[in-house]
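In what follows, a single structure is set out as structure tokens and then discussed.
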Amino acid sequence: MPEVCNFEEIFSKILAVRSKISVARAALQEICRILVDRVPHYNWVGFYLVDSKRSKELILGPFEGAPTEHVRIPFGAGICGQAAEKRKIFVVPDVERESNYLACSPDVKSEIVLPIFKGERLLGELDIDSHTTAAFTPADQAFLQEICQLSAEWLEQLNELI
Ligand code: SME
């Protein structure tokens, strides 16, 4: 079972990033860091950006956790690619039971991917891996959706640079 977290307190720390950091990449990096540090069942946290030149591909952005070989992911490939193609949240309680999955580490047991939009435009995604099976509850999802809303502006700024 994932540990119960004080999401409200963590969210207020993330809100504070807005007034402290103005550079988009640094702000998103700080969000990843806070999430990995403060939520014990978040073991890898990262943002993927939609490639503005090759719009059916994701590029790895700021992340916290072990380096991954999946620095570019075509739409439709793995959980990230499926979430981008279907434009919906994917919660995978047991990655071993997901056939369309791109493994990063054998320690990962469950994963959540949330698309990030500005209006109708898909900007990228927030991807979180956990070493705990079925780590992501509806409370995690609601918390992470708020973080995605907050991050959209920074993601848009980063998208313009690629
Ligand atoms: N597992 C993901 C790939 C990205 S890593 O988790 C960092 C997927 O299946 O799309």
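Ligands are numbered from 1 in the order shown, chains are lettered A, B, ... in the order of the structure tokens, and residues start at 1 in each chain.
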Write out as CSV a residue-level contact list of chain A versus ligand 1 with cut-off 7 Å: for each qualifying residue the closest pair of atoms and the distance in Å to one decimal, counting only C-alpha atoms and all ligand atoms, rows sorted by chain and residue number upward.
```
residue,atom,partner,partner_atom_place_in_ligand_line,distance
A:Thr68,CA,ligand 1,7 (C),5.6
A:His70,CA,ligand 1,4 (C),5.7
A:Ala77,CA,ligand 1,10 (O),6.5
A:Gly78,CA,ligand 1,9 (O),3.6
A:Ile79,CA,ligand 1,10 (O),3.7
A:Cys80,CA,ligand 1,10 (O),3.7
A:Gly81,CA,ligand 1,10 (O),5.8
A:Asn100,CA,ligand 1,9 (O),6.8
A:Tyr101,CA,ligand 1,9 (O),3.8
A:Leu102,CA,ligand 1,9 (O),3.6
A:Ala103,CA,ligand 1,1 (N),5.1
A:Cys104,CA,ligand 1,5 (S),5.3
A:Asp127,CA,ligand 1,6 (O),6.7
A:Ile128,CA,ligand 1,6 (O),6.9
A:Asp129,CA,ligand 1,6 (O),5.9
```
(request) Excluding range 53-65 of chain A and any residue of its chain fewer than 6 positions from it, enumerate the residues within 9 Å of it, using only C-alpha atoms, and give them as an MDAnalysis selection string. (result) chainID A and resid 25:26 28:30 32:33 35:36 43:47 71:76 80:81 84:85 124:125 158 162
Please identify all polymer residues within 8 Å of range 141-156 of chain A, counting only C-alpha atoms, omitting same-chain residues fewer than 4 positions from it, and present them as a PDB file with C-alpha atoms, in the first residue's frame.
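around.pdb, written as the output of this step:
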```pdb
ATOM      1  CA  PHE A   7      -0.735  16.423  -0.719  1.00  0.00           C
ATOM      2  CA  PHE A  11       1.130  21.367  -3.309  1.00  0.00           C
ATOM      3  CA  ILE A  14       5.027  23.488  -5.489  1.00  0.00           C
ATOM      4  CA  LEU A  15       2.915  26.667  -5.693  1.00  0.00           C
ATOM      5  CA  ALA A  24      10.770  27.266 -17.188  1.00  0.00           C
ATOM      6  CA  ARG A  25      13.267  24.386 -17.210  1.00  0.00           C
ATOM      7  CA  ALA A  27      10.872  25.399 -12.370  1.00  0.00           C
ATOM      8  CA  LEU A  28       9.877  22.020 -13.865  1.00  0.00           C
ATOM      9  CA  LEU A  49       7.447  17.497 -24.234  1.00  0.00           C
ATOM     10  CA  LEU A 114      -1.005  12.576 -17.337  1.00  0.00           C
ATOM     11  CA  PRO A 115      -1.229  14.591 -20.574  1.00  0.00           C
ATOM     12  CA  ILE A 116      -0.779  18.359 -20.196  1.00  0.00           C
ATOM     13  CA  PHE A 117      -2.807  20.700 -22.404  1.00  0.00           C
ATOM     14  CA  LYS A 118      -3.184  24.353 -23.163  1.00  0.00           C
ATOM     15  CA  LEU A 123       2.028  20.286 -24.742  1.00  0.00           C
ATOM     16  CA  GLY A 124       3.478  17.208 -23.080  1.00  0.00           C
ATOM     17  CA  GLU A 125       3.020  14.878 -20.144  1.00  0.00           C
ATOM     18  CA  LEU A 126       3.886  14.248 -16.533  1.00  0.00           C
ATOM     19  CA  PHE A 136      -1.526   5.609  -7.691  1.00  0.00           C
ATOM     20  CA  THR A 137      -4.886   6.301  -6.033  1.00  0.00           C
ATOM     21  CA  GLU A 160       8.941  26.936 -27.959  1.00  0.00           C
TER      22      GLU A 160
END
```
(request) Looking only at helix (DSSP H, G or I) from DSSP on the backbone, list the matching residues of range 91-143 of chain A as a PyMOL selection string. (result) chain A and resi 95-97+138-143
(message) One number please: CA of Tyr42 in chain A to CA of Glu96 in chain A, in Å, one decimal.
(response) 17.9 Å
(message) I need the strand (DSSP E) residues of range 11-149 of chain A per DSSP on the backbone, written as a ChimeraX atom specification.
(response) /A:44-50,57-64,72-74,90-92,110-118,121-130
(message) Just checking: using only C-alpha atoms, which residue out of A:Ser22, A:Asp140, A:Val113, A:Arg38 ends up closest to Ile89 in chain A?
(response) A:Val113
(request) Could you check how far CA of Val95 in chain A sits from CA of Glu111 in chain A, in Å to one decimal? (result) 7.0 Å
(message) Please compute the CA of Ile31 in chain A-CA of Val17 in chain A distance, one decimal, in Å.
(response)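 Spanning CA of Ile31 in chain A to CA of Val17 in chain A is a straight-line distance of 7.6 Å.
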(message) Quick one: residues within 10 Å of Val39 in chain A, only C-alpha atoms, excluding same-chain residues fewer than 4 positions away - as a PyMOL selection string?
(response) chain A and resi 2-7+10+34-35+43
